[in-house]
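With compact mmCIF, C-alpha atoms inside, this is coords.txt:
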# COMPACT_ATOMS: atom_id res chain seq x y z
CA MET A 243 24.84 -2.65 -16.58
CA PHE A 244 21.81 -0.93 -18.07
CA ILE A 245 18.40 -2.36 -17.27
CA ASN A 246 15.10 -1.57 -18.96
CA SER A 247 12.51 -1.53 -16.22
CA CYS A 248 9.41 -2.22 -18.30
CA ILE A 249 8.92 -4.18 -21.51
CA PRO A 250 5.39 -5.41 -22.19
CA TRP A 251 4.91 -9.15 -22.67
CA GLN A 252 3.49 -10.39 -25.95
CA ASN A 253 1.83 -13.75 -26.35
CA GLU A 254 3.42 -14.35 -29.73
CA PRO A 255 6.95 -15.62 -28.93
CA SER A 256 8.42 -14.48 -32.26
CA LYS A 257 7.27 -10.89 -31.72
CA PHE A 258 8.51 -10.91 -28.16
CA GLN A 259 11.85 -12.33 -29.26
CA LYS A 260 12.19 -9.48 -31.75
CA ASN A 261 11.46 -6.91 -29.04
CA ILE A 262 14.03 -8.45 -26.74
CA SER A 263 16.72 -8.61 -29.40
CA LEU A 264 16.02 -4.96 -30.24
CA CYS A 265 16.35 -4.12 -26.56
CA TYR A 266 19.71 -5.95 -26.50
CA GLN A 267 20.89 -4.18 -29.66
CA ILE A 268 20.06 -0.80 -28.14
CA GLY A 269 22.30 -1.51 -25.16
CA TYR A 270 20.37 -3.09 -22.32
CA GLN A 271 21.68 -6.17 -20.54
CA ALA A 272 18.54 -7.00 -18.56
CA ALA A 273 14.87 -6.12 -18.51
CA ILE A 274 11.80 -6.34 -16.33
CA ILE A 275 8.84 -7.82 -18.18
CA ASP A 276 5.45 -6.23 -17.64
CA LEU A 277 2.67 -8.82 -17.21
CA LYS A 278 -0.90 -7.64 -16.89
CA SER A 279 -2.87 -10.76 -15.97
CA LYS A 280 -2.62 -14.27 -14.55
CA ASP A 281 -2.63 -15.81 -18.02
CA GLU A 282 0.23 -13.63 -19.18
CA TYR A 283 2.17 -14.55 -16.04
CA GLN A 284 1.59 -18.28 -16.61
CA ASN A 285 2.59 -17.96 -20.27
CA PHE A 286 5.78 -16.15 -19.38
CA ILE A 287 6.78 -18.52 -16.57
CA LYS A 288 6.23 -21.55 -18.81
CA SER A 289 8.03 -20.01 -21.78
CA ASP A 290 11.70 -20.50 -22.62
CA PHE A 291 12.50 -16.90 -21.76
CA PHE A 292 12.49 -17.50 -18.01
CA PRO A 293 14.34 -20.29 -16.14
CA ASN A 294 11.79 -22.89 -15.01
CA ASN A 295 13.81 -23.93 -11.97
CA VAL A 296 15.49 -21.53 -9.61
CA PRO A 297 18.98 -21.03 -11.11
CA LYS A 298 22.10 -21.62 -9.04
CA ILE A 299 23.85 -18.43 -8.06
CA LYS A 300 27.12 -17.47 -6.47
CA LEU A 301 27.02 -15.46 -3.28
CA PRO A 302 27.46 -12.58 -2.46
CA LEU A 303 24.93 -11.10 -4.86
CA SER A 304 26.30 -9.06 -7.75
CA ILE A 305 25.61 -8.26 -11.40
CA GLU A 306 26.57 -11.83 -12.32
CA THR A 307 23.63 -13.17 -10.33
CA ILE A 308 21.29 -11.10 -12.49
CA LEU A 309 22.94 -12.51 -15.61
CA SER A 310 22.42 -16.06 -14.32
CA TYR A 311 18.68 -15.57 -14.95
CA ARG A 312 19.37 -15.51 -18.68
CA THR A 313 18.14 -18.42 -20.76
CA LYS A 314 19.33 -19.78 -24.09
CA LYS A 315 16.50 -18.12 -25.99
CA SER A 316 16.95 -14.60 -24.68
CA PRO A 317 20.11 -12.51 -25.02
CA ILE A 318 19.24 -10.56 -21.86
CA SER A 319 18.01 -11.72 -18.47
CA LEU A 320 14.30 -11.18 -17.94
CA ILE A 321 12.55 -10.66 -14.63
CA PRO A 322 8.74 -10.88 -14.38
CA ARG A 323 6.67 -8.10 -12.94
CA VAL A 324 2.91 -8.17 -12.49
CA THR A 325 1.10 -4.85 -12.82
CA LEU A 326 -2.10 -4.77 -10.81
CA ASN A 327 -4.83 -2.37 -11.87
CA PRO A 328 -7.44 -2.61 -9.08
CA GLU A 329 -10.67 -0.66 -8.99
CA THR A 330 -11.12 -0.51 -5.23
CA PRO A 331 -8.75 -0.68 -2.24
CA LYS A 332 -10.36 -3.96 -1.17
CA SER A 333 -9.64 -5.62 -4.49
CA LEU A 334 -6.04 -4.39 -4.27
CA LYS A 335 -5.56 -6.10 -0.92
CA LYS A 336 -7.14 -9.29 -2.27
CA GLU A 337 -4.90 -9.33 -5.30
CA LEU A 338 -1.81 -8.59 -3.23
CA SER A 339 -2.50 -11.58 -0.99
CA ILE A 340 -2.77 -13.78 -4.11
CA TRP A 341 0.41 -12.52 -5.79
CA LYS A 342 2.50 -12.34 -2.63
CA GLU A 343 4.09 -15.77 -2.92
CA ARG A 344 4.59 -15.91 -6.67
CA ARG A 345 7.92 -15.55 -8.45
CA CYS A 346 7.47 -11.94 -9.57
CA LEU A 347 7.74 -8.29 -8.65
CA ILE A 348 4.50 -6.48 -7.88
CA ALA A 349 3.60 -3.13 -9.42
CA VAL A 350 0.43 -1.10 -8.93
CA LYS A 351 -1.08 1.21 -11.51
CA SER A 352 -4.12 3.33 -10.80
CA LEU A 353 -5.63 6.77 -11.16
CA ASN A 354 -7.34 6.52 -7.78
CA LYS A 355 -5.41 8.39 -5.07
CA GLU A 356 -6.75 6.15 -2.29
CA ILE A 357 -5.46 3.02 -4.01
CA LEU A 358 -2.08 4.62 -4.69
CA GLU A 359 -1.79 5.62 -1.03
CA ILE A 360 -2.51 2.08 0.16
CA ALA A 361 -0.09 0.67 -2.39
CA ALA A 362 2.66 3.07 -1.33
CA ARG A 363 2.13 2.11 2.30
CA ASP A 364 2.08 -1.65 1.65
CA GLY A 365 5.44 -3.40 1.89
CA ARG A 366 4.40 -6.05 -0.65
CA VAL A 367 4.24 -3.49 -3.45
CA ASP A 368 7.61 -2.97 -5.13
CA ILE A 369 6.73 -0.46 -7.84
CA LEU A 370 4.23 2.34 -8.37
CA SER A 371 3.69 2.46 -12.11
CA ILE A 372 3.03 5.97 -13.47
CA PRO A 373 3.75 5.83 -17.22
CA THR A 374 1.15 8.33 -18.43
CA SER A 375 0.72 11.98 -17.52
CA ASP A 376 -2.75 11.27 -16.04
CA SER A 377 -1.30 8.85 -13.54
CA GLN A 378 1.58 11.21 -12.80
CA LYS A 379 -0.93 13.95 -12.01
CA SER A 380 -2.69 11.77 -9.44
CA LEU A 381 0.47 11.43 -7.33
CA THR A 382 0.29 13.67 -4.27
CA LYS A 383 3.09 14.72 -1.96
CA GLY A 384 1.79 12.32 0.68
CA ILE A 385 1.89 9.34 -1.66
CA ILE A 386 5.39 10.24 -2.80
CA SER A 387 6.73 10.49 0.75
CA LEU A 388 5.03 7.19 1.68
CA ALA A 389 6.64 5.54 -1.33
CA ARG A 390 9.99 6.89 -0.25
CA GLN A 391 9.60 5.59 3.29
CA ASN A 392 8.64 2.09 2.14
CA GLU A 393 11.29 1.96 -0.62
CA CYS A 394 8.67 1.77 -3.33
CA PHE A 395 10.06 2.59 -6.77
CA LEU A 396 8.39 5.07 -9.13
CA ASP A 397 8.22 3.76 -12.69
CA ILE A 398 7.92 6.40 -15.42
CA SER A 399 8.09 6.08 -19.18
CA LEU A 400 9.50 8.39 -21.86
CA THR A 401 7.68 6.78 -24.78
CA PRO A 402 4.77 9.29 -24.74
CA VAL A 403 7.33 12.09 -25.11
CA ILE A 404 8.65 10.43 -28.27
CA GLU A 405 5.25 9.34 -29.54
CA PHE A 406 3.40 12.66 -29.41
CA GLU A 407 4.41 16.02 -30.83
CA HIS A 408 3.68 19.74 -30.57
CA TYR A 409 1.22 20.78 -27.87
CA LYS A 410 0.62 17.27 -26.51
CA ARG A 411 4.33 16.75 -25.96
CA THR A 412 4.69 20.03 -24.09
CA LYS A 413 1.81 19.02 -21.84
CA ILE A 414 3.43 15.68 -21.09
CA LEU A 415 6.77 17.36 -20.41
CA ARG A 416 5.11 19.89 -18.11
CA VAL A 417 3.57 17.12 -15.99
CA LEU A 418 6.88 15.23 -15.90
CA TYR A 419 8.73 18.40 -14.91
CA ARG A 420 6.30 19.05 -12.06
CA LEU A 421 6.64 15.44 -10.88
CA LEU A 422 10.43 15.71 -10.88
CA LEU A 423 10.16 18.88 -8.79
CA LYS A 424 7.82 17.18 -6.34
CA ALA A 425 9.82 13.97 -6.08
CA LYS A 426 13.46 14.74 -6.72
CA PRO A 427 15.51 11.95 -8.25
CA SER A 428 18.23 12.57 -5.66
CA ALA A 429 15.92 11.42 -2.89
CA HIS A 430 13.37 9.19 -4.62
CA LYS A 431 13.96 6.00 -6.51
CA TYR A 432 12.92 6.19 -10.13
CA LEU A 433 12.80 3.55 -12.83
CA ILE A 434 12.51 4.26 -16.53
CA GLY A 435 10.98 1.74 -18.87
CA SER A 436 9.38 1.59 -22.25
CA GLY A 437 5.93 0.85 -20.92
CA SER A 438 3.63 1.85 -23.74
CA ILE A 439 5.40 0.30 -26.70
CA ASN A 440 2.75 -2.37 -27.16
CA ASN A 441 1.88 -1.25 -30.64
CA ASN A 442 5.23 -0.02 -31.79
CA PRO A 443 8.51 -1.45 -30.43
CA TRP A 444 10.41 1.13 -32.48
CA LEU A 445 9.61 3.71 -29.84
CA MET A 446 12.08 2.04 -27.50
CA ARG A 447 15.20 4.10 -26.86
CA GLY A 448 18.63 3.22 -25.57
CA PRO A 449 20.10 4.04 -22.17
CA LYS A 450 22.56 6.65 -23.42
CA GLU A 451 19.80 8.56 -25.19
CA THR A 452 17.61 8.41 -22.10
CA ILE A 453 20.44 9.74 -19.92
CA SER A 454 21.08 12.63 -22.29
CA PHE A 455 17.34 13.42 -22.35
CA LEU A 456 17.16 13.50 -18.56
CA TYR A 457 20.26 15.69 -18.42
CA SER A 458 19.40 18.17 -21.14
CA VAL A 459 15.62 18.44 -20.75
CA CYS A 460 14.85 17.56 -17.14
CA ASN A 461 18.06 19.09 -15.69
CA ILE A 462 18.94 15.93 -13.79
CA PRO A 463 22.70 15.59 -13.20
CA GLU A 464 24.38 12.89 -15.24
CA PHE A 465 25.31 10.64 -12.32
CA GLN A 466 21.73 10.66 -11.04
CA ALA A 467 20.36 9.90 -14.51
CA LYS A 468 22.79 7.01 -14.76
CA ARG A 469 21.66 5.73 -11.38
CA ILE A 470 18.05 5.63 -12.59
CA LEU A 471 19.05 3.28 -15.40
CA THR A 472 21.64 1.16 -13.59
CA LYS A 473 21.61 1.04 -9.81
CA ASN A 474 17.90 1.47 -9.11
CA PRO A 475 16.70 -1.39 -11.35
CA GLU A 476 19.64 -3.49 -10.18
CA GLU A 477 18.49 -2.98 -6.61
CA ILE A 478 14.93 -4.06 -7.34
CA ILE A 479 16.04 -7.11 -9.32
CA LEU A 480 18.34 -8.19 -6.50
CA LYS A 481 15.36 -7.78 -4.18
CA PHE A 482 13.45 -10.21 -6.42
CA ILE A 483 16.38 -12.65 -6.50
CA LYS A 484 16.64 -12.62 -2.72
CA ARG A 485 12.97 -13.58 -2.55
CA ASP A 486 13.29 -16.14 -5.31
CA GLN A 487 16.37 -17.81 -3.82
CA LYS A 488 14.84 -17.61 -0.34
CA LEU A 489 17.74 -15.57 1.03
CA PHE A 490 15.36 -13.12 2.65
CA ILE A 491 14.26 -14.32 6.08
CA GLU A 492 12.78 -11.32 7.82
CA SER A 493 13.00 -7.57 7.46
CA GLY A 494 16.62 -6.79 8.31
CA VAL A 495 17.62 -10.49 8.32
CA GLU A 496 18.91 -12.09 5.15
CA ILE A 497 21.56 -14.56 4.02
CA VAL A 498 24.51 -12.63 2.66
CA ASP A 499 27.01 -15.41 2.05
CA ILE A 500 27.33 -19.15 2.66
CA ILE A 501 30.60 -20.46 4.05
CA GLU A 502 31.48 -23.89 2.71
CA GLU A 503 31.92 -26.85 5.10
CA ARG A 504 35.62 -27.19 4.34
CA ALA A 505 36.26 -23.58 5.17
CA GLU A 506 34.32 -24.01 8.40
CA GLY A 507 36.48 -27.02 9.33
CA GLY A 508 39.56 -25.00 8.65
CA LEU A 509 38.36 -22.29 10.94
CA LYS A 510 37.79 -24.76 13.82
CA LYS A 511 41.28 -26.20 13.49
CA MET B 105 39.93 33.34 -27.01
CA LYS B 106 38.44 30.25 -25.46
CA TYR B 107 38.99 27.17 -27.56
CA ILE B 108 35.82 25.22 -28.33
CA LYS B 109 36.27 21.54 -27.65
CA GLN B 110 34.59 19.10 -29.96
CA ARG B 111 33.10 15.67 -29.55
CA TYR B 112 32.75 12.89 -32.09
CA ILE B 113 29.62 10.76 -31.77
CA LEU B 114 29.61 7.31 -33.29
CA PHE B 115 26.06 6.23 -34.01
CA GLU B 116 24.11 3.67 -35.97
CA ILE B 117 20.57 3.70 -37.31
CA LEU B 118 18.42 0.67 -36.61
CA THR B 119 15.52 -0.01 -38.97
CA PRO B 120 13.12 -2.95 -39.50
CA GLU B 121 14.54 -3.50 -42.99
CA LYS B 122 17.85 -2.53 -44.51
CA LYS B 123 17.70 0.90 -46.15
CA ASN B 124 20.26 3.24 -47.60
CA PHE B 125 19.59 6.66 -46.16
CA ASP B 126 21.26 9.74 -47.58
CA LYS B 127 23.74 11.68 -45.52
CA GLU B 128 21.89 14.91 -46.18
CA LEU B 129 18.55 13.43 -45.18
CA ILE B 130 19.90 12.47 -41.77
CA ILE B 131 21.54 15.82 -41.13
CA LYS B 132 18.37 17.63 -42.18
CA ALA B 133 16.23 15.45 -39.92
CA ILE B 134 18.50 16.03 -36.91
CA GLY B 135 18.75 19.77 -37.59
CA LYS B 136 15.00 20.11 -37.95
CA LYS B 137 14.41 18.25 -34.69
CA MET B 138 17.00 20.39 -32.92
CA ILE B 139 15.37 23.62 -34.04
CA LYS B 140 11.89 22.35 -33.29
CA PHE B 141 12.65 21.04 -29.81
CA PHE B 142 15.46 23.25 -28.49
CA GLY B 143 15.05 26.31 -30.67
CA GLU B 144 17.54 28.40 -32.59
CA TYR B 145 19.44 29.54 -29.50
CA ILE B 146 20.86 26.09 -28.74
CA THR B 147 21.02 24.88 -32.34
CA PHE B 148 23.47 27.55 -33.43
CA LYS B 149 25.92 26.40 -30.73
CA VAL B 150 25.91 22.78 -31.85
CA GLY B 151 27.99 23.09 -35.01
CA LEU B 152 26.62 19.94 -36.52
CA TRP B 153 28.88 18.21 -39.02
CA MET B 154 28.67 14.67 -40.38
CA ILE B 155 32.24 13.53 -40.73
CA ARG B 156 31.78 9.95 -41.93
CA TRP B 157 28.74 8.07 -43.19
CA ASP B 158 28.50 4.50 -44.28
CA PRO B 159 25.13 4.15 -46.09
CA SER B 160 25.28 0.38 -46.52
CA ASN B 161 25.73 -0.34 -42.80
CA GLN B 162 23.97 2.84 -41.62
CA ILE B 163 26.79 3.88 -39.33
CA GLY B 164 28.14 7.40 -39.01
CA ILE B 165 30.22 9.86 -37.05
CA ILE B 166 28.89 13.30 -36.16
CA ARG B 167 31.03 16.15 -34.85
CA VAL B 168 29.46 18.51 -32.31
CA ASP B 169 30.31 21.11 -29.74
CA ASN B 170 31.38 19.78 -26.34
CA ILE B 171 28.57 21.47 -24.36
CA SER B 172 25.65 20.72 -26.65
CA LYS B 173 26.49 17.03 -27.07
CA TYR B 174 23.56 15.98 -24.89
CA HIS B 175 21.16 18.20 -26.79
CA LEU B 176 22.13 16.56 -30.04
CA ILE B 177 21.69 13.03 -28.67
CA THR B 178 18.28 14.05 -27.31
CA ALA B 179 17.28 15.40 -30.72
CA MET B 180 18.40 12.13 -32.29
CA MET B 181 16.36 10.24 -29.72
CA LEU B 182 13.20 12.15 -30.61
CA ILE B 183 13.36 11.21 -34.30
CA LYS B 184 10.77 8.54 -34.96
CA GLU B 185 10.79 8.19 -38.71
CA LEU B 186 12.97 8.79 -41.75
CA ASN B 187 11.22 8.59 -45.11
CA SER B 188 8.22 7.07 -43.28
CA THR B 189 10.22 4.11 -41.93
CA PRO B 190 10.57 3.75 -38.17
CA VAL B 191 14.12 4.31 -36.97
CA ILE B 192 16.13 4.20 -33.77
CA PHE B 193 19.25 6.32 -33.49
CA HIS B 194 21.63 4.34 -31.32
CA THR B 195 24.66 6.27 -30.09
CA ARG B 196 27.53 3.90 -29.52
CA ILE B 197 30.16 6.18 -28.06
CA THR B 198 31.25 9.78 -27.78
CA SER B 199 34.92 10.59 -27.95
CA GLY B 200 37.20 13.60 -28.03
CA THR B 201 39.32 12.46 -30.97
CA ILE B 202 38.44 11.18 -34.41
CA LYS B 203 41.26 8.64 -34.20
CA LYS B 204 39.77 6.88 -31.22
CA THR B 205 36.26 7.00 -32.68
CA LEU B 206 37.46 5.34 -35.87
CA LYS B 207 39.29 2.72 -33.83
CA ILE B 208 36.09 1.91 -31.94
CA TRP B 209 34.18 1.77 -35.25
CA ARG B 210 36.61 -0.87 -36.53
CA GLN B 211 36.42 -2.84 -33.29
CA THR B 212 32.66 -2.87 -32.74
CA PHE B 213 31.33 -3.17 -36.28
CA SER B 214 34.33 -5.01 -37.77
CA THR B 215 34.03 -2.91 -40.92
CA LEU B 216 36.34 -0.27 -42.32
CA PRO B 217 34.99 3.27 -42.09
CA PRO B 218 34.68 5.11 -45.42
CA LYS B 219 37.28 7.69 -46.36
CA ARG B 220 36.59 11.32 -45.65
CA GLU B 221 34.84 13.15 -48.45
CA ILE B 222 36.53 16.26 -49.80
CA SER B 223 34.24 19.25 -49.51
CA GLU B 224 33.42 21.35 -52.57
CA LEU B 225 35.42 24.28 -51.24
CA ASN B 226 38.54 22.13 -50.94
CA LYS B 227 37.93 20.67 -54.39
CA ARG B 228 37.94 24.16 -55.88
CA LYS B 229 41.11 25.01 -53.97
CA ASN B 230 42.84 21.89 -55.27
CA LYS B 231 41.91 22.81 -58.82

Show me this structure written as structure tokens.
Amino acid sequence: MFINSCIPWQNEPSKFQKNISLCYQIGYQAAIIDLKSKDEYQNFIKSDFFPNNVPKIKLPLSIETILSYRTKKSPISLIPRVTLNPETPKSLKKELSIWKERRCLIAVKSLNKEILEIAARDGRVDILSIPTSDSQKSLTKGIISLARQNECFLDISLTPVIEFEHYKRTKILRVLYRLLLKAKPSAHKYLIGSGSINNNPWLMRGPKETISFLYSVCNIPEFQAKRILTKNPEEIILKFIKRDQKLFIESGVEIVDIIEERAEGGLKK
Amino acid sequence: MKYIKQRYILFEILTPEKKNFDKELIIKAIGKKMIKFFGEYITFKVGLWMIRWDPSNQIGIIRVDNISKYHLITAMMLIKELNSTPVIFHTRITSGTIKKTLKIWRQTFSTLPPKREISELNKRKNK
């Protein structure tokens, strides 16, 4: 199951529908929707693209549980993600306390190293968003190792590589190459989305193309490239579902399966 | 001598509106991208050959070298436009035999693939 880890939300439902159907055509079965503000979050939650009530799922959690978040209007299941762009560490903490109990994943995007360090250390932050080469440059070794310790995912985007050409593209590739040397995909958890396709959805690319790019250009082995597009996003979505379904009780304590009453009775006999 | 294995890539071109692209235009665009991005050293190994092309449905099969399969798909990924219309090259499957690729074409698109064109060299031979 291939999952696109970042598709920007658009307030016009027809445009958004087109983007989603294109995403489905390309070969993705699920996607994480990037929401930048409270209004966008409210619009998405109230729209027909996301189930208004918590959908019933079958335990134990699997790919089917992700597919149960699909609605009639969207061919793929969509999971909300709010990207915070704070200016100071204080404002980050404030925003995190607000978004903590909402039905969404939390991502942080910033050029400030201090903010990125706090975000990587904070358990409430699920994703560190680094789509552009400027933000990739601001990642230090310390931040990367903190993100690894707290299971914070690194979200990169390949759209700038497609968008720009000649010298600009080589610069972007150089920064990406250095990042992949610093934080190896074998040890760190990466996500790849089409983050900056706001203006042009035709810059979105399919999973097979992305895998071949990672293999041929970035020298990432095929199985690791596949993991970036399948297992890593699956993991983060299941994390969201656990929170949404209230299966997560405490760190290290969560409901894995529910035994029915009849089965329990049978066991007693 | 080591036998070079080949791969057949079934792909389709997605566009905002339906357009009939030429076979030559697509091959030229892919070749140009290959040379520009990977250089001549890798491009000469690819052995690019468009075996089938359905212009009405924009579906085709490309034959490439086994090793440089990923390079070709990457080059296809980097193509943004054809005749100033935005395009997405979507690779459906890669297979080792043409028979299986054609079978998958029939199954997924529910259309019959076009017959193989006879090259000019063969035409002359037949004459």

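For the atom pair formed by atom CA of A:Leu388 and atom CA of A:Asn474, the distance is 17.7 Å, given to one decimal.
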
Worksheet item: Which distance in Å separates atom CA of B:Ser199 and atom CA of B:Tyr107, to one decimal?
Response: 17.1 Å

Worksheet entry | Distance query A:Arg485 at most 12 Å, all atoms listed in the file, self and fewer than 4 positions along chain excluded, as a PyMOL selection string | chain A and resi 296+342-347+366+478-481+489-493+496-497

Practice prompt. Using all atoms listed in the file, find which residues of chain B lie within 10 Å of chain A and jot them down as an MDAnalysis selection string.
Written response: chainID B and resid 116 118:120 140:142 172:185 189:197

Convert the current residue selection to file output with C-alpha atoms, as a CSV table (one decimal), keeping the file's coordinate frame.
chain,number,residue,atom,x,y,z
B,116,GLU,CA,24.1,3.7,-36.0
B,118,LEU,CA,18.4,0.7,-36.6
B,119,THR,CA,15.5,0.0,-39.0
B,120,PRO,CA,13.1,-3.0,-39.5
B,140,LYS,CA,11.9,22.4,-33.3
B,141,PHE,CA,12.6,21.0,-29.8
B,142,PHE,CA,15.5,23.2,-28.5
B,172,SER,CA,25.6,20.7,-26.6
B,173,LYS,CA,26.5,17.0,-27.1
B,174,TYR,CA,23.6,16.0,-24.9
B,175,HIS,CA,21.2,18.2,-26.8
B,176,LEU,CA,22.1,16.6,-30.0
B,177,ILE,CA,21.7,13.0,-28.7
B,178,THR,CA,18.3,14.0,-27.3
B,179,ALA,CA,17.3,15.4,-30.7
B,180,MET,CA,18.4,12.1,-32.3
B,181,MET,CA,16.4,10.2,-29.7
B,182,LEU,CA,13.2,12.2,-30.6
B,183,ILE,CA,13.4,11.2,-34.3
B,184,LYS,CA,10.8,8.5,-35.0
B,185,GLU,CA,10.8,8.2,-38.7
B,189,THR,CA,10.2,4.1,-41.9
B,190,PRO,CA,10.6,3.8,-38.2
B,191,VAL,CA,14.1,4.3,-37.0
B,192,ILE,CA,16.1,4.2,-33.8
B,193,PHE,CA,19.2,6.3,-33.5
B,194,HIS,CA,21.6,4.3,-31.3
B,195,THR,CA,24.7,6.3,-30.1
B,196,ARG,CA,27.5,3.9,-29.5
B,197,ILE,CA,30.2,6.2,-28.1

Discussion item. As a PyMOL selection string, please: the residues near B:Ile166 (cut-off 10 Å, only C-alpha atoms, same-chain neighbours under 5 positions excluded).
Written reply: chain B and resi 111-115+131+151-157+176+198+202

Worksheet entry | 7 Å contact set for stretch 319-326 of chain A, only C-alpha atoms, chain neighbours under 5 positions out, as a list in words |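 With the cut-off at 7 Å, the set is Gln271, Ala272, Ala273, Ile274, Ile275, Asp276, Leu277, Lys278, Phe292, Ile308, Leu309, Tyr311, Arg312, Cys346, Leu347, Ile348, Ala349, Val350 and Lys351 of chain A.
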
Discussion item. Please report the interatomic distance between atom CA of B:Val168 and atom CA of B:Ile146 in Å with one decimal.
Written reply: 12.0 Å

Practice prompt. Determine the nearest neighbour of A:Ile414 from the options A:Ser375, A:Lys426, A:Phe395, A:Leu353, counting only C-alpha atoms.
Written response: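 Among the listed residues, the smallest separation from A:Ile414 belongs to A:Ser375.
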
Item to complete: Name all residues at most 9 Å from stretch 378-387 of chain A (count all atoms listed in the file; drop same-chain ones fewer than 3 positions away) and give them as a PyMOL selection string.
Response: chain A and resi 352-355+358-363+372-375+390-392+396+398+417-418+420-421+424-425+430

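Comparing the minimum interatomic distances between A:Cys394 and each of A:Pro302, A:Gly365, A:Pro297, A:Pro317, counting all atoms listed in the file, we find that A:Gly365 sits nearest.
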
Worksheet entry | Non-local contacts of stretch 467-473 of chain A (8 Å; only C-alpha atoms; under 4 positions in same chain excluded) as a PyMOL selection string | chain A and resi 243-246+431-434+449+453+456-457+462-463+477

Write out all heavy atoms for stretch 280-285 of chain A, as a tab-separated table (two decimals), in the coordinates of the input.
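Generated file (result03.tsv):
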chain	number	residue	atom	x	y	z
A	280	LYS	N	-3.08	-12.94	-14.98
A	280	LYS	CA	-2.62	-14.27	-14.55
A	280	LYS	C	-2.17	-15.10	-15.75
A	280	LYS	O	-1.17	-15.83	-15.68
A	280	LYS	CB	-3.75	-14.98	-13.84
A	280	LYS	CG	-3.55	-15.08	-12.34
A	280	LYS	CD	-4.63	-15.93	-11.75
A	280	LYS	CE	-4.50	-15.92	-10.24
A	280	LYS	NZ	-5.55	-16.72	-9.60
A	281	ASP	N	-2.94	-15.01	-16.82
A	281	ASP	CA	-2.63	-15.81	-18.02
A	281	ASP	C	-1.27	-15.42	-18.59
A	281	ASP	O	-0.47	-16.28	-18.96
A	281	ASP	CB	-3.71	-15.59	-19.10
A	281	ASP	CG	-5.06	-16.10	-18.63
A	281	ASP	OD1	-5.06	-17.04	-17.81
A	281	ASP	OD2	-6.07	-15.55	-19.08
A	282	GLU	N	-1.06	-14.12	-18.65
A	282	GLU	CA	0.23	-13.63	-19.18
A	282	GLU	C	1.37	-14.12	-18.30
A	282	GLU	O	2.42	-14.54	-18.80
A	282	GLU	CB	0.23	-12.10	-19.25
A	282	GLU	CG	-0.55	-11.56	-20.43
A	282	GLU	CD	-0.33	-10.07	-20.65
A	282	GLU	OE1	0.40	-9.45	-19.87
A	282	GLU	OE2	-0.91	-9.56	-21.62
A	283	TYR	N	1.14	-14.10	-16.98
A	283	TYR	CA	2.17	-14.55	-16.04
A	283	TYR	C	2.48	-16.03	-16.27
A	283	TYR	O	3.64	-16.44	-16.34
A	283	TYR	CB	1.68	-14.31	-14.61
A	283	TYR	CG	2.59	-14.88	-13.55
A	283	TYR	CD1	3.80	-14.25	-13.26
A	283	TYR	CD2	2.26	-16.04	-12.87
A	283	TYR	CE1	4.65	-14.78	-12.30
A	283	TYR	CE2	3.10	-16.58	-11.92
A	283	TYR	CZ	4.29	-15.94	-11.63
A	283	TYR	OH	5.14	-16.47	-10.68
A	284	GLN	N	1.40	-16.83	-16.39
A	284	GLN	CA	1.59	-18.28	-16.61
A	284	GLN	C	2.34	-18.53	-17.92
A	284	GLN	O	3.24	-19.37	-17.98
A	284	GLN	CB	0.22	-18.98	-16.65
A	284	GLN	CG	-0.48	-19.06	-15.30
A	284	GLN	CD	0.29	-19.87	-14.27
A	284	GLN	OE1	1.13	-20.68	-14.61
A	284	GLN	NE2	0.03	-19.60	-13.00
A	285	ASN	N	1.93	-17.79	-18.95
A	285	ASN	CA	2.59	-17.96	-20.27
A	285	ASN	C	4.07	-17.63	-20.19
A	285	ASN	O	4.90	-18.33	-20.77
A	285	ASN	CB	1.93	-17.05	-21.31
A	285	ASN	CG	0.58	-17.55	-21.71
A	285	ASN	OD1	0.27	-18.72	-21.55
A	285	ASN	ND2	-0.26	-16.66	-22.22
